[in-house]
Amino acid sequence: SPSTPWWKKSVVYQIYPRSFCDSNGDGIGDLPGITQRLDHLAELGVDVVWLSPIYKSPQDDNGYDISDYRDIAPEFGTLADFDALLAAMHARGIRLVMDLVVNHSSDEHAWFQSARTRRDSPYHDYYIWAEPAPGGGPPTNWEAAFNGSVWEWNEPTGEYYLHMFSKKQPDLNWENPALRQEVYALMRFWLDRGVDGFRMDVINMISKPWRADGSLPDAPVVREGFLQPGFALTCNGPRLVEFLREMREQVLDHYDTLTVGEAPMATIEQGIALTHPENGALNMLFQFEHMDLDSQPGHSNGKWALKPLDLRDLKTTLARWQTALDGQGWNSLYLSNHDQPRPVSRFGDDRRYPVESAKMLATWLHGHQGTPYVYQGEELGMDNVAFDDIADYRDIETLNIYRVATQERGVAPRDILRSIHAKGRDNARTPMPWTGEAPGAGFTTGTPWIRLNPGFVRSNAQALRADPQSVFHYYRELIALRKSQPILTDGRFELLLAQDRHVYAYTRTLGDETWLVLCHFGGGEPEGTPRAIDGADDPTWSRWLAQGVQGTRVIGNWPGPERVALAGLTLRPWEALILALD
Ligand code: TEU
Ligand code: CA
């Protein structure tokens, strides 16, 4: 409807600046490089860009460790380059959302540099400190996201500081009102400069589970003899909603923004509390449930313990979020970002059906209710890489788990490499292939900071933009469809064929219009055979068959007729089809 806010109707494109486009040949993507490539985004038709961090940073975690929130990292450019980029985007009608990383700063931030020198520094209380446990050693048993304890000893003050991620990412103390005001001020700094919102890094971790005596609790022991996962305790702290409401009142309510909170371990209750149209503080969250379905829950190696996806789990998970947030909040829709492997390798078939399965996954995602996110390279159907040598990897998480697994846990190098090939974050961080020209693929004239995906020879922006049948043009069509068809934004979601292990089917309904989205997660059995849809168990499907229901094709990834009857309908390998039902 006309009252639907713009951020519900938008498609967001995520740029990982280090890997997008290098304008000066130093091998690192930069802001002028992005400005040069805006035609690509304009042709794709995206409304909003989310830019991963570009602030000053020692780059311990590729910019998610910020040492100056009001300046640009020199390898990415200058504030003038930033203003030029923002103006060029706005001139094309594209909005810009910045990454706000305020659960932690860099240990090289001036606040921490002062805080760590003496307990009476005015910045000491901007961070989280604790005495050793009664018997000595770290105050709690929590393991950091990038391995080791979350507690690091600080000699000058004789106490530990907390870091949920690397030891160069000390957590900020949101209990301190002065720290909160610093955050609100830096948000205003960027909003006043013209940015259109924020993607908020691990924002549901800002309130820590303090006990009355001022200490933090141990995490329950799920693996004897190791540190324990501490995320469960920190992702829904007692003052989370209060802090974010304060941020909304003091900052966000005074600007027209898109806000999306990254929220590991988010539950539906948290989703509603944080994104409710009246009293939620944010527009939407990135929840993680569907990103956790292909690893073994509770396993001591977390995401590295691989497990094949059962399509029924994906249905249960997504259908719950779709239904629960309808009218009570708003979903973000994503399959990929800079932390996740490439979807076509993870959920599709990157060897036999790379194009079909990339298009199917796009249809599947964009058909749901919520704001879709496209991560750079996804629109080119980019796949994972499998470097044989750990020295070719750059990500702190990957390098740490390789060391811990091989040196401390007795895991064979080939076994941990297998997990890294499947799940490592560098899969998403290989440079954007702009052309098929070796050696730099149009990304750089120098040596790229990380190896290219060798697929660039065939699969690159230039080749795909020239091919009307490409994944790129399919994304363009899906994005255009969202703009012309309100049912994609506002339509109610309903899952069909819940028990089917191969076909993911759902409807969107708005007024008296119903669209049916059919997605075949597979190549057929035997391989290549069209799959018949068995809807006998599903009352809606059975009724439609009895009524002889037909539909008109809206979009699909295989050629087919305009008019389609549901009776006898089969789906080809990795086929996706949207029908407007009569
Ligand atoms: O990620 C937080 C997060 O929980 C993950 O997606 C994390 O990367 C994952 O647990 C690793 O397996 C955010 C950023 O997106 C990520 O790039 C940063 O490393 C992290 O926060 C710290 O800022
Ligand atoms: Ca550069």
# chains A, B, ... in the order shown; residues from 1 in each chain; ligands from 1
$ closest_atom_pairs --of "chain A" --to "ligand 2" --cutoff "6 Å" --atoms "only C-alpha atoms and all ligand atoms" --output "tab-separated table"
residue	atom	partner	partner_atom_place_in_ligand_line	distance
A:Asp22	CA	ligand 2	1 (Ca)	4.2
A:Ser23	CA	ligand 2	1 (Ca)	5.2
A:Asn24	CA	ligand 2	1 (Ca)	4.8
A:Gly25	CA	ligand 2	1 (Ca)	5.7
A:Asp26	CA	ligand 2	1 (Ca)	4.8
A:Gly27	CA	ligand 2	1 (Ca)	5.7
A:Ile28	CA	ligand 2	1 (Ca)	4.2
A:Gly29	CA	ligand 2	1 (Ca)	4.7
A:Asp30	CA	ligand 2	1 (Ca)	4.9
$ residues_near_ligand --ligand "ligand 1" --cutoff "7 Å" --atoms "only C-alpha atoms and all ligand atoms" --output "list in words"
Asp61, Tyr64, Asp65, Val101, Ala145, Phe165, Asp201, Val202, Pro264, Lys303, His338, Asp339 and Glu397 of chain A
$ select_by_dssp --residues "stretch 332-469 of chain A" --states "strand (DSSP E)" --output "MDAnalysis selection string"
chainID A and resid 332:333 371:375
$ write_last_selection --atoms "C-alpha atoms" --output "PDB file, in the first residue's frame"
ATOM      1  CA  SER A 332      15.132  -9.424   6.476  1.00  0.00           C
ATOM      2  CA  LEU A 333      15.740 -12.069   3.816  1.00  0.00           C
ATOM      3  CA  THR A 371      13.423  -7.009   2.715  1.00  0.00           C
ATOM      4  CA  PRO A 372      15.803  -9.015   0.481  1.00  0.00           C
ATOM      5  CA  TYR A 373      19.591  -8.618   0.717  1.00  0.00           C
ATOM      6  CA  VAL A 374      21.927  -9.445  -2.161  1.00  0.00           C
ATOM      7  CA  TYR A 375      25.585  -9.910  -1.238  1.00  0.00           C
TER       8      TYR A 375
END
$ residues_around --residues "A:Gly442" --least-positions-apart "5" --cutoff "9 Å" --atoms "only C-alpha atoms" --output "MDAnalysis selection string"
chainID A and resid 21:22 432:437
$ residues_around --residues "A:Glu278" --least-positions-apart "2" --cutoff "12 Å" --atoms "only C-alpha atoms" --output "PyMOL selection string"
chain A and resi 245+248+272-276+280-283+327-330
$ select_by_dssp --residues "stretch 179-384 of chain A" --states "alpha helix (DSSP H)" --output "number ranges by chain"
A: 179-193, 231-234, 240-250, 268-275, 311-325, 343-346, 354-367
$ residues_around --residues "stretch 2-17 of chain A" --least-positions-apart "3" --cutoff "8 Å" --atoms "only C-alpha atoms" --output "MDAnalysis selection string"
chainID A and resid 20:21 29:31 34 46:54 76 258 337:338 370:376 429 479 482:483 489
$ residues_around --residues "A:Leu38" --least-positions-apart "5" --cutoff "10 Å" --atoms "only C-alpha atoms" --output "VMD selection string"
chain A and resid 33 43 to 44 85 88 to 89 92 94
$ write_last_selection --atoms "N, CA and C atoms" --output "compact mmCIF listing (two decimals), in the first residue's frame"
# COMPACT_ATOMS: atom_id res chain seq x y z
N GLY A 33 36.91 3.00 -6.06
CA GLY A 33 36.57 1.80 -6.84
C GLY A 33 35.06 1.56 -6.85
N GLU A 43 22.07 -0.79 -12.85
CA GLU A 43 21.46 -1.71 -13.81
C GLU A 43 20.73 -2.84 -13.09
N LEU A 44 21.32 -3.31 -12.00
CA LEU A 44 20.69 -4.37 -11.22
C LEU A 44 19.37 -3.88 -10.61
N LEU A 85 31.28 9.37 -3.07
CA LEU A 85 30.54 8.13 -3.26
C LEU A 85 29.07 8.31 -2.89
N ALA A 88 27.27 10.35 -5.45
CA ALA A 88 27.05 9.59 -6.69
C ALA A 88 25.94 8.56 -6.51
N MET A 89 25.85 7.97 -5.34
CA MET A 89 24.75 7.03 -5.07
C MET A 89 23.42 7.76 -5.06
N ARG A 92 21.89 8.59 -8.24
CA ARG A 92 21.25 7.47 -8.92
C ARG A 92 20.05 6.93 -8.16
N ILE A 94 20.09 5.73 -5.16
CA ILE A 94 20.48 4.62 -4.29
C ILE A 94 20.83 5.17 -2.91
$ closest_residue --among "A:Asn331, A:Thr540, A:Asn453, A:Gln322" --to "A:Gly381" --atoms "only C-alpha atoms"
A:Asn453
$ atom_distance --atom1 "atom CA of A:His366" --atom2 "atom CA of A:Met265"
23.1 Å
$ closest_residue --among "A:Glu143, A:Asp171, A:Asp81, A:Glu575" --to "A:Gly302" --atoms "only C-alpha atoms"
A:Glu143
$ closest_atom_pairs --of "stretch 95-165 of chain A" --to "stretch 177-185 of chain A" --cutoff "10 Å" --atoms "only C-alpha atoms" --output "tab-separated table"
residue	atom	partner	partner_atom	distance
A:Leu100	CA	A:Val183	CA	9.3
A:Val101	CA	A:Val183	CA	9.7
A:Val102	CA	A:Val183	CA	7.2
A:Trp111	CA	A:Leu179	CA	9.9
A:Pro122	CA	A:Ala178	CA	10.0
A:Tyr123	CA	A:Leu179	CA	8.7
A:Asp125	CA	A:Leu179	CA	8.5
A:Tyr126	CA	A:Leu179	CA	5.8
A:Tyr127	CA	A:Leu179	CA	9.0
$ write_last_selection --atoms "C-alpha atoms" --output "PDB file, in the first residue's frame"
ATOM      1  CA  LEU A 100      27.663   0.341  12.919  1.00  0.00           C
ATOM      2  CA  VAL A 101      30.056  -1.734  15.026  1.00  0.00           C
ATOM      3  CA  VAL A 102      29.484  -0.650  18.615  1.00  0.00           C
ATOM      4  CA  TRP A 111      39.285   5.265  24.332  1.00  0.00           C
ATOM      5  CA  PRO A 122      37.878   8.719  32.269  1.00  0.00           C
ATOM      6  CA  TYR A 123      37.583   6.012  29.574  1.00  0.00           C
ATOM      7  CA  ASP A 125      34.558   2.437  32.373  1.00  0.00           C
ATOM      8  CA  TYR A 126      33.871   2.501  28.592  1.00  0.00           C
ATOM      9  CA  TYR A 127      35.043  -1.146  28.610  1.00  0.00           C
TER      10      TYR A 127
END
$ closest_residue --among "A:Leu285, A:Ala319, A:Ala305, A:Leu252" --to "A:Met200" --atoms "only C-alpha atoms"
A:Leu285
$ residues_around --residues "stretch 229-238 of chain A" --least-positions-apart "3" --cutoff "7 Å" --atoms "only C-alpha atoms" --output "PyMOL selection string"
chain A and resi 142-143+204-205+207-209+219+264-265
$ atom_distance --atom1 "atom CA of A:Val554" --atom2 "atom CA of A:Arg492"
17.6 Å
$ decode --residues "stretch 211-288 of chain A" --atoms "C-alpha atoms" --output "CSV table (one decimal), in the first residue's frame"
chain,number,residue,atom,x,y,z
A,211,ARG,CA,24.5,-10.3,38.4
A,212,ALA,CA,23.5,-8.2,41.4
A,213,ASP,CA,27.0,-8.5,42.8
A,214,GLY,CA,28.5,-7.0,39.6
A,215,SER,CA,30.0,-10.3,38.3
A,216,LEU,CA,29.2,-12.2,35.1
A,217,PRO,CA,28.0,-15.9,35.3
A,218,ASP,CA,29.7,-18.9,33.9
A,219,ALA,CA,28.1,-20.5,30.9
A,220,PRO,CA,26.6,-24.0,31.3
A,221,VAL,CA,29.1,-26.7,30.5
A,222,VAL,CA,28.3,-28.4,27.2
A,223,ARG,CA,31.8,-29.8,26.5
A,224,GLU,CA,33.9,-31.1,29.4
A,225,GLY,CA,37.5,-29.8,29.5
A,226,PHE,CA,37.0,-26.9,27.1
A,227,LEU,CA,35.9,-23.3,27.3
A,228,GLN,CA,32.1,-22.9,26.8
A,229,PRO,CA,30.1,-21.0,24.2
A,230,GLY,CA,29.2,-17.7,25.8
A,231,PHE,CA,26.9,-16.3,23.1
A,232,ALA,CA,23.7,-17.7,24.6
A,233,LEU,CA,24.3,-15.5,27.7
A,234,THR,CA,25.0,-12.3,25.9
A,235,CYS,CA,22.6,-12.2,23.0
A,236,ASN,CA,19.5,-11.2,24.9
A,237,GLY,CA,20.8,-9.2,27.9
A,238,PRO,CA,18.4,-7.6,30.5
A,239,ARG,CA,18.8,-4.0,29.2
A,240,LEU,CA,18.9,-4.7,25.4
A,241,VAL,CA,15.4,-3.4,24.6
A,242,GLU,CA,15.9,-0.4,26.9
A,243,PHE,CA,19.2,0.6,25.3
A,244,LEU,CA,17.8,0.3,21.8
A,245,ARG,CA,14.7,2.3,22.6
A,246,GLU,CA,16.9,5.0,24.0
A,247,MET,CA,18.9,5.0,20.7
A,248,ARG,CA,15.7,5.2,18.8
A,249,GLU,CA,14.3,8.1,20.8
A,250,GLN,CA,17.6,10.0,20.9
A,251,VAL,CA,18.8,9.4,17.3
A,252,LEU,CA,16.7,7.3,14.9
A,253,ASP,CA,13.4,9.0,15.4
A,254,HIS,CA,14.9,12.2,14.1
A,255,TYR,CA,16.0,10.8,10.7
A,256,ASP,CA,14.4,8.7,7.9
A,257,THR,CA,16.5,5.5,8.1
A,258,LEU,CA,16.7,1.8,7.4
A,259,THR,CA,18.0,-0.1,10.4
A,260,VAL,CA,18.8,-3.8,10.5
A,261,GLY,CA,20.3,-5.4,13.6
A,262,GLU,CA,22.5,-8.4,13.3
A,263,ALA,CA,21.3,-10.7,15.9
A,264,PRO,CA,23.0,-14.1,16.5
A,265,MET,CA,20.8,-16.6,18.4
A,266,ALA,CA,17.7,-14.3,18.0
A,267,THR,CA,14.4,-15.9,18.9
A,268,ILE,CA,11.1,-14.9,17.4
A,269,GLU,CA,10.2,-13.2,20.7
A,270,GLN,CA,13.3,-11.0,20.3
A,271,GLY,CA,12.4,-10.4,16.7
A,272,ILE,CA,9.0,-9.1,17.7
A,273,ALA,CA,10.3,-7.1,20.6
A,274,LEU,CA,13.0,-5.4,18.5
A,275,THR,CA,11.1,-4.8,15.2
A,276,HIS,CA,7.5,-4.3,16.3
A,277,PRO,CA,5.9,-1.5,14.2
A,278,GLU,CA,4.9,0.6,17.2
A,279,ASN,CA,7.4,-0.1,20.0
A,280,GLY,CA,10.3,-1.9,18.3
A,281,ALA,CA,13.5,0.1,18.0
A,282,LEU,CA,14.8,-1.3,14.7
A,283,ASN,CA,13.2,-2.1,11.3
A,284,MET,CA,14.4,-5.6,11.0
A,285,LEU,CA,17.0,-8.2,12.2
A,286,PHE,CA,19.3,-10.7,10.7
A,287,GLN,CA,18.3,-13.8,12.5
A,288,PHE,CA,20.6,-16.9,12.2
